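work_34.txt follows; it contains compact mmCIF, C-alpha atoms.
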```txt
# COMPACT_ATOMS: atom_id res chain seq x y z
CA MET A 1 58.28 30.17 78.18
CA ASN A 2 59.08 27.48 80.72
CA ILE A 3 62.80 27.34 81.51
CA GLN A 4 63.87 24.32 83.52
CA VAL A 5 67.29 24.15 85.15
CA SER A 6 68.13 20.74 86.57
CA ARG A 7 69.88 20.33 89.89
CA GLU A 8 72.46 18.15 88.16
CA ASP A 9 73.35 20.90 85.68
CA LEU A 10 73.54 23.44 88.47
CA LEU A 11 75.84 21.33 90.64
CA LYS A 12 78.03 20.49 87.67
CA GLN A 13 78.38 24.16 86.85
CA ILE A 14 79.39 24.91 90.44
CA GLY A 15 82.05 22.23 90.11
CA TYR A 16 80.62 19.18 91.87
CA LYS A 17 80.94 15.92 90.02
CA ASP A 18 79.75 13.51 92.68
CA SER A 19 78.50 13.30 96.24
CA PRO A 20 77.69 16.93 97.02
CA LEU A 21 77.00 17.65 100.67
CA PRO A 22 73.36 17.25 101.73
CA ARG A 23 73.44 20.89 102.82
CA LEU A 24 74.41 21.95 99.30
CA LEU A 25 71.78 19.73 97.71
CA GLY A 26 69.16 21.39 99.89
CA MET A 27 70.38 24.87 99.05
CA ALA A 28 70.48 24.10 95.31
CA THR A 29 66.93 22.76 95.49
CA ASP A 30 65.78 25.87 97.34
CA MET A 31 67.36 28.24 94.84
CA LEU A 32 65.96 26.33 91.87
CA GLY A 33 62.56 26.57 93.56
CA LEU A 34 62.86 30.36 93.37
CA LEU A 35 63.60 30.40 89.65
CA ASP A 36 60.01 30.17 88.41
CA ASN A 37 59.10 33.42 90.11
CA LEU A 38 62.34 35.22 89.28
CA VAL A 39 62.80 34.43 85.62
CA GLU A 40 60.79 36.44 83.10
CA PRO A 41 62.34 35.42 79.79
CA ARG A 42 61.97 37.73 76.82
CA GLN A 43 63.51 37.36 73.43
CA ALA A 44 63.54 39.05 70.06
CA PHE A 45 65.25 38.64 66.73
CA ARG A 46 65.19 40.42 63.39
CA GLU A 47 66.47 39.54 59.99
CA ILE A 48 68.97 42.15 58.81
CA GLN A 49 68.22 43.17 55.27
CA ASP A 50 70.30 46.29 54.77
CA GLU A 51 74.06 46.46 54.32
CA LYS A 52 74.56 49.71 56.21
CA ASP A 53 77.38 49.60 58.82
CA LEU A 54 77.55 45.83 58.44
CA PRO A 55 79.89 44.27 61.04
CA ALA A 56 82.73 42.25 59.57
CA PHE A 57 81.28 39.02 60.94
CA LEU A 58 78.19 39.40 58.75
CA ARG A 59 79.95 40.41 55.56
CA GLY A 60 79.45 37.91 52.77
CA ALA A 61 76.52 36.19 54.49
CA VAL A 62 73.36 35.62 52.50
CA LEU A 63 71.00 35.62 55.47
CA LYS A 64 71.73 37.70 58.58
CA TYR A 65 70.07 38.08 61.97
CA ALA A 66 70.41 40.02 65.21
CA GLY A 67 68.96 38.49 68.37
CA ALA A 68 68.84 39.06 72.11
CA VAL A 69 67.35 37.44 75.21
CA THR A 70 67.00 38.43 78.83
CA LEU A 71 65.76 36.92 82.08
CA GLY A 72 64.60 40.32 83.35
CA PRO A 73 65.84 42.04 86.50
CA LYS A 74 64.18 39.98 89.25
CA LEU A 75 66.79 37.23 89.50
CA GLU A 76 69.79 39.48 89.85
CA ASN A 77 67.93 41.73 92.28
CA LYS A 78 67.22 38.69 94.42
CA ALA A 79 70.87 37.59 94.23
CA LYS A 80 71.96 41.05 95.35
CA ASP A 81 69.45 40.93 98.18
CA LEU A 82 70.84 37.57 99.32
CA PHE A 83 74.39 38.97 99.25
CA ASP A 84 73.31 42.00 101.23
CA ARG A 85 71.58 39.79 103.80
CA GLY A 86 74.75 37.79 104.37
CA LYS A 87 73.81 34.77 102.29
CA PRO A 88 76.58 34.74 99.70
CA ALA A 89 76.43 31.00 99.00
CA GLU A 90 72.74 31.22 98.16
CA ALA A 91 73.39 34.33 96.05
CA TYR A 92 76.16 32.58 94.16
CA ILE A 93 74.09 29.46 93.51
CA LEU A 94 71.16 31.55 92.30
CA ASP A 95 73.45 33.54 90.02
CA VAL A 96 74.85 30.36 88.50
CA ALA A 97 71.31 29.03 87.98
CA GLY A 98 70.51 32.29 86.20
CA SER A 99 73.51 31.90 83.91
CA ILE A 100 72.32 28.43 82.94
CA ALA A 101 68.77 29.72 82.42
CA VAL A 102 69.80 32.60 80.16
CA THR A 103 71.90 30.22 78.08
CA LYS A 104 68.86 27.98 77.67
CA VAL A 105 66.70 30.93 76.58
CA SER A 106 69.40 31.92 74.13
CA ASN A 107 69.44 28.40 72.71
CA ILE A 108 65.65 28.48 72.29
CA LEU A 109 65.95 31.72 70.32
CA TRP A 110 68.77 30.26 68.25
CA ASN A 111 66.56 27.31 67.34
CA GLU A 112 63.79 29.69 66.27
CA ILE A 113 66.24 31.58 64.08
CA ARG A 114 67.50 28.33 62.57
CA GLU A 115 63.91 27.32 61.79
CA ASP A 116 63.34 30.69 60.15
CA ALA A 117 66.52 30.26 58.14
CA ALA A 118 65.61 26.67 57.21
CA ALA A 119 62.27 27.88 55.85
CA LYS A 120 64.30 30.17 53.61
CA GLY A 121 66.51 27.33 52.46
CA PHE A 122 69.51 27.69 54.76
CA LYS A 123 70.55 24.89 57.08
CA LYS A 124 74.01 25.81 58.34
CA GLY A 125 74.54 28.94 60.34
CA VAL A 126 76.74 30.37 63.03
CA ARG A 127 76.10 32.90 65.79
CA ARG A 128 78.52 35.02 67.69
CA THR A 129 78.24 37.31 70.69
CA PRO A 130 79.82 40.76 71.09
CA GLY A 131 83.02 40.39 73.07
CA CYS A 132 83.86 37.14 71.27
CA ARG A 133 86.61 36.96 68.69
CA GLY A 134 85.99 39.30 65.80
CA ILE A 135 83.04 41.17 67.29
CA ASP A 136 83.83 44.07 69.56
CA LEU A 137 81.48 45.27 72.24
CA GLU A 138 80.47 48.38 70.31
CA THR A 139 78.56 46.00 68.03
CA GLN A 140 75.91 45.92 70.77
CA LYS A 141 74.69 49.28 69.47
CA TYR A 142 74.27 47.82 65.98
CA ILE A 143 72.45 44.74 67.31
CA PHE A 144 69.95 46.64 69.42
CA GLU A 145 69.29 49.21 66.70
CA ARG A 146 68.45 46.35 64.36
CA ILE A 147 66.29 44.48 66.87
CA ASP A 148 64.49 47.71 67.79
CA GLU A 149 62.21 46.09 70.35
CA PRO A 150 61.63 48.35 73.38
CA ASP A 151 59.53 45.72 75.15
CA LEU A 152 62.55 43.45 75.36
CA GLY A 153 63.61 45.41 78.44
CA ILE A 154 67.37 45.45 77.83
CA GLU A 155 69.30 48.70 78.19
CA LEU A 156 72.90 49.31 77.21
CA THR A 157 75.35 51.12 79.46
CA SER A 158 77.87 53.63 78.11
CA SER A 159 80.40 50.77 77.95
CA TRP A 160 77.94 48.57 75.98
CA MET A 161 77.06 46.25 78.84
CA MET A 162 73.53 44.91 78.99
CA VAL A 163 71.21 45.61 81.91
CA PRO A 164 69.75 43.27 83.17
CA ARG A 165 73.06 41.45 83.28
CA LYS A 166 71.40 38.08 82.72
CA SER A 167 70.97 38.90 79.04
CA LEU A 168 72.66 37.65 75.89
CA SER A 169 72.85 39.13 72.42
CA PHE A 170 74.27 37.82 69.19
CA LEU A 171 74.57 38.12 65.46
CA ALA A 172 73.91 35.14 63.23
CA ARG A 173 74.82 34.43 59.66
CA PHE A 174 73.76 31.82 57.10
CA GLY A 175 75.08 31.17 53.63
CA GLY A 176 78.24 32.58 52.13
CA ASN A 177 81.66 31.76 53.54
CA LEU A 178 81.39 30.41 57.08
CA LYS A 179 85.13 29.94 57.58
CA GLY A 180 86.52 31.17 60.86
CA SER A 181 83.41 30.38 62.89
CA PHE A 182 84.09 30.57 66.60
CA SER A 183 84.72 27.46 68.65
CA CYS A 184 85.13 27.40 72.42
CA LYS A 185 87.59 24.55 71.99
CA GLY A 186 90.27 26.95 70.83
CA CYS A 187 90.15 28.87 74.10
CA LYS A 188 92.91 28.32 76.65
CA GLN A 189 90.29 28.35 79.42
CA TYR A 190 88.18 25.69 77.71
CA SER A 191 88.74 23.00 80.36
CA ASP A 192 87.61 25.07 83.32
CA CYS A 193 85.48 27.79 81.78
CA THR A 194 82.54 28.71 83.98
CA LEU A 195 80.57 30.15 81.08
CA ARG A 196 79.91 26.81 79.40
CA VAL A 197 77.29 24.34 80.59
CA MET B 1 88.01 17.75 122.57
CA ASP B 2 90.30 20.78 122.61
CA ILE B 3 88.15 23.87 122.16
CA ILE B 4 90.57 25.38 119.63
CA LYS B 5 90.27 22.19 117.57
CA GLU B 6 86.50 22.48 117.77
CA ILE B 7 86.72 26.05 116.45
CA TYR B 8 89.01 24.85 113.68
CA ASP B 9 86.57 22.08 112.76
CA ALA B 10 83.55 24.42 112.81
CA VAL B 11 85.27 26.77 110.32
CA MET B 12 86.43 23.88 108.17
CA GLU B 13 82.87 22.60 107.98
CA GLY B 14 81.41 26.07 107.50
CA LYS B 15 79.21 25.88 110.60
CA VAL B 16 78.56 29.54 111.40
CA ASP B 17 76.59 29.21 114.64
CA GLU B 18 78.88 26.51 115.96
CA ALA B 19 82.00 28.56 115.19
CA ALA B 20 80.54 31.53 117.08
CA SER B 21 79.45 29.49 120.08
CA ARG B 22 82.80 27.68 120.32
CA VAL B 23 84.73 30.97 120.15
CA GLN B 24 82.52 32.37 122.91
CA GLN B 25 83.07 29.20 124.92
CA ALA B 26 86.82 29.54 124.45
CA LEU B 27 86.75 33.19 125.53
CA ASN B 28 84.69 32.28 128.60
CA ALA B 29 87.31 29.67 129.44
CA LYS B 30 90.00 32.42 129.26
CA ALA B 31 91.69 31.00 126.18
CA GLU B 32 94.17 33.38 124.54
CA ALA B 33 92.50 35.44 121.81
CA ASN B 34 95.64 35.07 119.69
CA ASP B 35 95.44 31.26 119.92
CA ILE B 36 91.77 31.26 118.97
CA LEU B 37 92.56 33.44 115.99
CA ASP B 38 95.80 31.85 114.78
CA LYS B 39 95.31 28.18 115.66
CA GLY B 40 91.55 28.06 115.22
CA LEU B 41 90.07 30.52 112.76
CA ILE B 42 93.01 31.44 110.53
CA ALA B 43 94.51 27.95 110.48
CA ALA B 44 91.21 26.50 109.30
CA MET B 45 90.61 29.18 106.71
CA ASP B 46 94.12 28.71 105.33
CA VAL B 47 93.40 25.00 104.81
CA VAL B 48 90.02 25.80 103.24
CA GLY B 49 91.81 28.13 100.81
CA GLU B 50 94.35 25.45 99.96
CA LYS B 51 91.68 22.80 99.40
CA PHE B 52 89.73 25.20 97.20
CA GLY B 53 92.85 25.87 95.16
CA GLU B 54 93.38 22.15 94.77
CA GLY B 55 89.79 21.57 93.65
CA GLU B 56 88.79 19.62 96.75
CA LEU B 57 86.33 22.27 97.94
CA PHE B 58 84.06 24.50 95.88
CA ILE B 59 82.88 28.07 96.20
CA PRO B 60 79.78 27.46 98.38
CA GLN B 61 81.87 25.60 100.96
CA VAL B 62 84.48 28.36 101.00
CA LEU B 63 81.74 30.93 101.51
CA TRP B 64 80.29 28.96 104.41
CA SER B 65 83.73 28.74 106.01
CA ALA B 66 84.34 32.44 105.44
CA LYS B 67 81.06 33.23 107.16
CA ALA B 68 81.97 30.95 110.07
CA MET B 69 85.34 32.62 110.45
CA GLN B 70 83.72 36.06 110.28
CA ALA B 71 81.30 35.09 113.04
CA GLY B 72 84.22 34.07 115.22
CA MET B 73 86.20 37.20 114.35
CA ASP B 74 83.32 39.44 115.38
CA LEU B 75 83.43 37.96 118.86
CA LEU B 76 87.21 38.17 119.05
CA LYS B 77 87.68 41.78 117.97
CA PRO B 78 86.78 43.40 121.31
CA HIS B 79 89.50 41.29 122.92
CA PHE B 80 92.27 42.87 120.87
CA SER B 81 93.54 46.32 121.72
CA SER B 82 93.87 48.86 118.91
CA THR B 83 97.58 48.10 118.70
CA ASP B 84 97.08 44.37 118.31
CA ARG B 85 96.76 43.01 114.84
CA THR B 86 93.36 41.54 114.13
CA GLU B 87 93.49 42.00 110.40
CA LYS B 88 95.94 40.64 107.91
CA GLY B 89 95.84 43.78 105.79
CA THR B 90 93.53 46.20 104.06
CA VAL B 91 92.30 45.58 100.54
CA VAL B 92 90.40 48.02 98.35
CA ILE B 93 88.44 45.97 95.84
CA GLY B 94 86.23 46.80 92.88
CA THR B 95 85.28 46.05 89.31
CA ALA B 96 87.17 47.95 86.61
CA LYS B 97 85.70 51.08 85.04
CA GLY B 98 83.00 50.26 82.51
CA ASP B 99 82.38 46.78 83.91
CA ILE B 100 79.21 46.01 85.83
CA HIS B 101 79.74 42.31 86.54
CA ASP B 102 80.28 41.81 90.23
CA ILE B 103 79.61 38.24 91.26
CA GLY B 104 83.28 37.21 91.11
CA LYS B 105 84.43 40.36 92.85
CA ASN B 106 81.79 39.87 95.59
CA LEU B 107 82.95 36.31 96.21
CA VAL B 108 86.58 37.38 96.50
CA ALA B 109 85.61 40.18 98.90
CA ILE B 110 83.74 37.77 101.15
CA MET B 111 86.58 35.27 101.07
CA LEU B 112 89.10 37.98 101.93
CA GLU B 113 86.98 39.18 104.84
CA GLY B 114 86.56 35.62 105.98
CA SER B 115 90.32 35.19 105.88
CA GLY B 116 90.89 38.13 108.16
CA PHE B 117 91.45 41.02 105.74
CA LYS B 118 89.78 44.39 106.08
CA VAL B 119 87.99 45.00 102.80
CA ALA B 120 86.73 48.25 101.28
CA ASP B 121 84.40 47.20 98.47
CA LEU B 122 83.87 49.97 95.92
CA GLY B 123 81.35 48.00 93.86
CA VAL B 124 81.23 48.06 90.07
CA ASP B 125 82.33 50.47 87.33
CA VAL B 126 85.01 52.03 89.52
CA THR B 127 87.17 54.77 88.02
CA PRO B 128 90.95 54.61 88.46
CA GLU B 129 90.79 57.86 90.45
CA ARG B 130 88.23 56.37 92.84
CA PHE B 131 90.41 53.32 93.50
CA ILE B 132 93.31 55.60 94.41
CA GLU B 133 91.18 57.98 96.49
CA LYS B 134 89.76 55.12 98.58
CA ALA B 135 93.13 53.40 98.97
CA VAL B 136 94.60 56.63 100.33
CA GLU B 137 91.60 57.11 102.64
CA VAL B 138 91.77 53.65 104.23
CA LYS B 139 95.58 53.36 104.05
CA ALA B 140 95.23 50.25 101.94
CA ASP B 141 97.93 47.67 101.42
CA ILE B 142 96.43 46.26 98.24
CA ILE B 143 94.17 47.38 95.42
CA ALA B 144 92.34 44.41 93.88
CA MET B 145 90.59 44.82 90.54
CA SER B 146 88.38 42.55 88.52
CA ALA B 147 87.26 42.68 84.88
CA LEU B 148 85.06 40.32 82.92
CA LEU B 149 85.66 41.83 79.50
CA THR B 150 88.75 42.76 77.57
CA THR B 151 87.38 46.23 76.87
CA THR B 152 87.47 47.18 80.54
CA MET B 153 91.01 45.91 81.16
CA PRO B 154 92.81 49.13 80.12
CA SER B 155 91.48 50.97 83.17
CA MET B 156 93.48 48.51 85.31
CA ALA B 157 96.61 49.84 83.63
CA GLU B 158 95.50 53.37 84.46
CA VAL B 159 95.37 52.51 88.17
CA VAL B 160 98.90 51.11 88.07
CA SER B 161 100.06 54.17 86.18
CA LEU B 162 98.47 56.53 88.72
CA ILE B 163 100.16 54.68 91.58
CA LYS B 164 103.54 55.00 89.90
CA THR B 165 103.04 58.62 88.91
CA LYS B 166 102.00 59.61 92.42
CA ASN B 167 104.61 57.32 93.99
CA LEU B 168 102.00 55.65 96.22
CA PRO B 169 102.74 52.54 98.29
CA PHE B 170 99.82 50.35 97.12
CA ARG B 171 100.33 46.93 95.58
CA VAL B 172 97.97 45.88 92.82
CA ILE B 173 96.42 42.49 92.11
CA ILE B 174 94.18 41.85 89.12
CA GLY B 175 91.83 39.05 88.14
CA GLY B 176 88.86 38.11 86.00
CA ALA B 177 88.12 35.92 83.01
CA PRO B 178 90.12 37.77 80.31
CA VAL B 179 93.08 38.67 82.54
CA ASP B 180 96.26 36.60 82.65
CA GLN B 181 99.83 36.72 83.89
CA SER B 182 101.18 38.27 80.71
CA PHE B 183 98.70 41.16 80.93
CA CYS B 184 99.67 41.58 84.60
CA GLN B 185 103.32 41.93 83.59
CA GLU B 186 102.48 44.15 80.65
CA ILE B 187 100.76 46.77 82.83
CA GLY B 188 103.16 46.41 85.74
CA ALA B 189 100.67 45.07 88.30
CA ASP B 190 102.16 43.20 91.26
CA ALA B 191 100.16 39.98 90.93
CA TYR B 192 97.52 38.12 88.96
CA GLY B 193 94.97 35.96 90.78
CA MET B 194 93.80 33.10 88.60
CA ASP B 195 90.89 32.50 90.99
CA ALA B 196 89.84 33.56 94.48
CA ALA B 197 92.10 31.09 96.24
CA ASP B 198 95.07 32.01 94.08
CA GLY B 199 94.28 35.68 94.66
CA MET B 200 94.31 35.26 98.43
CA ARG B 201 97.56 33.33 98.24
CA LYS B 202 99.14 36.07 96.13
CA ILE B 203 97.87 38.83 98.42
CA LYS B 204 99.34 37.07 101.44
CA GLY B 205 102.59 36.71 99.50
CA LEU B 206 102.64 40.40 98.59
CA LEU B 207 102.16 41.31 102.23
CA GLY B 208 104.67 38.74 103.44
CA ARG B 209 102.06 37.03 105.61
```

Since I need it in another form, could you write the structure as structure tokens?
Amino acid sequence: MNIQVSREDLLKQIGYKDSPLPRLLGMATDMLGLLDNLVEPRQAFREIQDEKDLPAFLRGAVLKYAGAVTLGPKLENKAKDLFDRGKPAEAYILDVAGSIAVTKVSNILWNEIREDAAAKGFKKGVRRTPGCRGIDLETQKYIFERIDEPDLGIELTSSWMMVPRKSLSFLARFGGNLKGSFSCKGCKQYSDCTLRV
Amino acid sequence: MDIIKEIYDAVMEGKVDEAASRVQQALNAKAEANDILDKGLIAAMDVVGEKFGEGELFIPQVLWSAKAMQAGMDLLKPHFSSTDRTEKGTVVIGTAKGDIHDIGKNLVAIMLEGSGFKVADLGVDVTPERFIEKAVEVKADIIAMSALLTTTMPSMAEVVSLIKTKNLPFRVIIGGAPVDQSFCQEIGADAYGMDAADGMRKIKGLLGR
């Protein structure tokens, strides 16, 4: 899987809208140059066919999925190494690039799930991540039990965090009542959220 | 050009080597260490913090400036006696129990150090007891806690509760994506930092500096 992060997206995410310093442009280019060797994207999804312990978000859906993606550990290890070597700006820029990359991988997986759902006759669906409205973090356990893919390389901590940290998981539902689907626009931090690209 | 102004400019522009060489030059010329610190390094870093808060500068630039200030501080420290103040205060910082996200906390720690604070960084997934233990050990002024997720926020309240129960002198500042002023008031923390610049401003306010 080839994940491309553009310098423009990276600078925008850091906050620059125009005329970044040449020094920053150079650093952004350098960090993006590292991405190819640091990102090892993996993804998995499964259709959920049983009703056991069904999270509230999936109740009433006709077609249900659990999915997760990760960039692997190399990127965050490199960012830590840069911090430890007194290069916090580089570490920060690399971390931001990783956040953009994992979002892109997640979107690729979401498209695959939508194609799978479309083949089964469902066009409209919604996905939601643990920690978002209506899905508590404990749902991670449910998601990863359903995915059941050891090669994915994601482990859960006792507080349901994913390791590697540059990972994303979600539930998706198609059919049934889709009311109440999550929208970032309702969030009070919408205008300056650093988690959106 | 005035050497203090050159130090100020080097920090403003985040030029680490230049900041260090200008501070050394100033020391060689018998400039007062206090002037170098107050009118050069700290004055510049204060402006950097303000510009960051106003959205004129972004995190990489603040980090460069913090590094430049740190380089200057390292050269200045031997010129202050143990009774002189070289640090603005001591901050114990960490990510709340159960939370492993540290990029924001790391940035704040670096900015605090760059602004002249002594920082004890406890890392991630820090228990309330560990925050207190370290704060006692280093005679901290402030305990700063970060959380990325709502589920890890309750442990911030536990730290505040421990401080009150044990009648300890530490002030508490909290920050992170899900945290806000109302949560700060709810748990009885002393301040909420909306971002790193706001956090530094609040910490300075709490310490009256």

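Distance-wise, CA of Arg173 in chain A and CA of His101 in chain B end up 28.4 Å apart.
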
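Residues of chain B lying within 9 Å of chain A, counting all atoms listed in the file, are Gly55, Leu57, Phe58, Ile59, Pro60, Gln61, Val62, Leu63, Trp64, Lys67, Lys97, Gly98, Asp99, Ile100, His101, Ile103, Asn106, Leu107, Ile110, Leu149, Thr150, Thr151, Thr152 and Ala177 of chain B.
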
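Close contacts of Ala101 in chain A, defined as residues with an atom at most 8 Å away when counting only C-alpha atoms, with chain neighbours fewer than 5 positions off set aside, comprise Ile3, Gln4, Val5 and Leu71 of chain A.
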
Generate the output file for the selected residues, C-alpha atoms, as an mmCIF file, keeping the file's coordinate frame.
```
data_model
loop_
_atom_site.group_PDB
_atom_site.id
_atom_site.type_symbol
_atom_site.label_atom_id
_atom_site.label_comp_id
_atom_site.auth_asym_id
_atom_site.auth_seq_id
_atom_site.Cartn_x
_atom_site.Cartn_y
_atom_site.Cartn_z
ATOM 1 C CA ILE A 3 62.800 27.340 81.510
ATOM 2 C CA GLN A 4 63.870 24.320 83.520
ATOM 3 C CA VAL A 5 67.290 24.150 85.150
ATOM 4 C CA LEU A 71 65.760 36.920 82.080
#
```

Centre and edges of the range 56-67 of chain A box, axis-aligned, 8 Å extra per side, as AutoDock Vina command-line options:
```
--center_x 75.8 --center_y 38.9 --center_z 60.4 --size_x 29.8 --size_y 22.6 --size_z 31.9
```

| What lies within 12 Å of Val47 in chain B using only C-alpha atoms, ignoring chain neighbours under 4 positions off, as a list in words? | Tyr8, Asp9, Val11, Met12, Glu13, Lys39, Gly40, Leu41, Ile42, Ala43, Lys51, Phe52, Gly53, Glu54, Glu56, Leu57, Val62, Ser65, Ala66, Ser115, Ala197 and Arg201 of chain B

| task | Give the answer as one residue: which of B:Val23, B:Val48, B:Val16, B:Ile142 has the shortest atom-to-atom distance to Lys88 in chain B, using all atoms listed in the file? | result | B:Ile142

| said: Residues within 9 Å of (94.0, 50.0, 89.5), file coordinates, counting all atoms listed in the file: what are they? Give the list as a PyMOL selection string. | reply: chain B and resi 96+127-129+131-132+143-145+155-163+172-174+189

Could you save those same residues with C-alpha atoms as a short mmCIF file (atom, residue, chain, number, x, y, z; two decimals), in the coordinates of the input?
```cif
data_model
loop_
_atom_site.label_atom_id
_atom_site.label_comp_id
_atom_site.auth_asym_id
_atom_site.auth_seq_id
_atom_site.Cartn_x
_atom_site.Cartn_y
_atom_site.Cartn_z
CA ALA B 96 87.17 47.95 86.61
CA THR B 127 87.17 54.77 88.02
CA PRO B 128 90.95 54.61 88.46
CA GLU B 129 90.79 57.86 90.45
CA PHE B 131 90.41 53.32 93.50
CA ILE B 132 93.31 55.60 94.41
CA ILE B 143 94.17 47.38 95.42
CA ALA B 144 92.34 44.41 93.88
CA MET B 145 90.59 44.82 90.54
CA SER B 155 91.48 50.97 83.17
CA MET B 156 93.48 48.51 85.31
CA ALA B 157 96.61 49.84 83.63
CA GLU B 158 95.50 53.37 84.46
CA VAL B 159 95.37 52.51 88.17
CA VAL B 160 98.90 51.11 88.07
CA SER B 161 100.06 54.17 86.18
CA LEU B 162 98.47 56.53 88.72
CA ILE B 163 100.16 54.68 91.58
CA VAL B 172 97.97 45.88 92.82
CA ILE B 173 96.42 42.49 92.11
CA ILE B 174 94.18 41.85 89.12
CA ALA B 189 100.67 45.07 88.30
#
```

| request: Find the distance between CA of Ser169 in chain A and CA of Thr129 in chain A and write it in Å to one decimal. | output: 5.9 Å

| query | How far is it from CA of Asp198 in chain B to CA of Glu50 in chain B, in Å with one decimal? | reply | 8.8 Å

| Test item: residues at most 8 Å from Ile48 in chain A, only C-alpha atoms, excluding those fewer than 3 positions along its chain, as an NGL selection string | :A and (63-66 or 146)

| request: Find the residues near Gly175 in chain A: any atom within 9 Å, counting only C-alpha atoms, skip ones fewer than 2 places away on the same chain, and give them as a count of residues only. | output: 12

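Residues in contact range of range 148-150 of chain A, defined as at most 10 Å between only C-alpha atoms, with sequence neighbours fewer than 6 positions away removed, read A:Gln43, A:Ala44, A:Phe45, A:Arg46, A:Ala68, A:Tyr142.
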
| field | Residue with smallest distance to Lys15 in chain B - pool B:Gln70, B:Asn34, B:Asn28, B:Thr90, counting all atoms listed in the file | value | B:Gln70
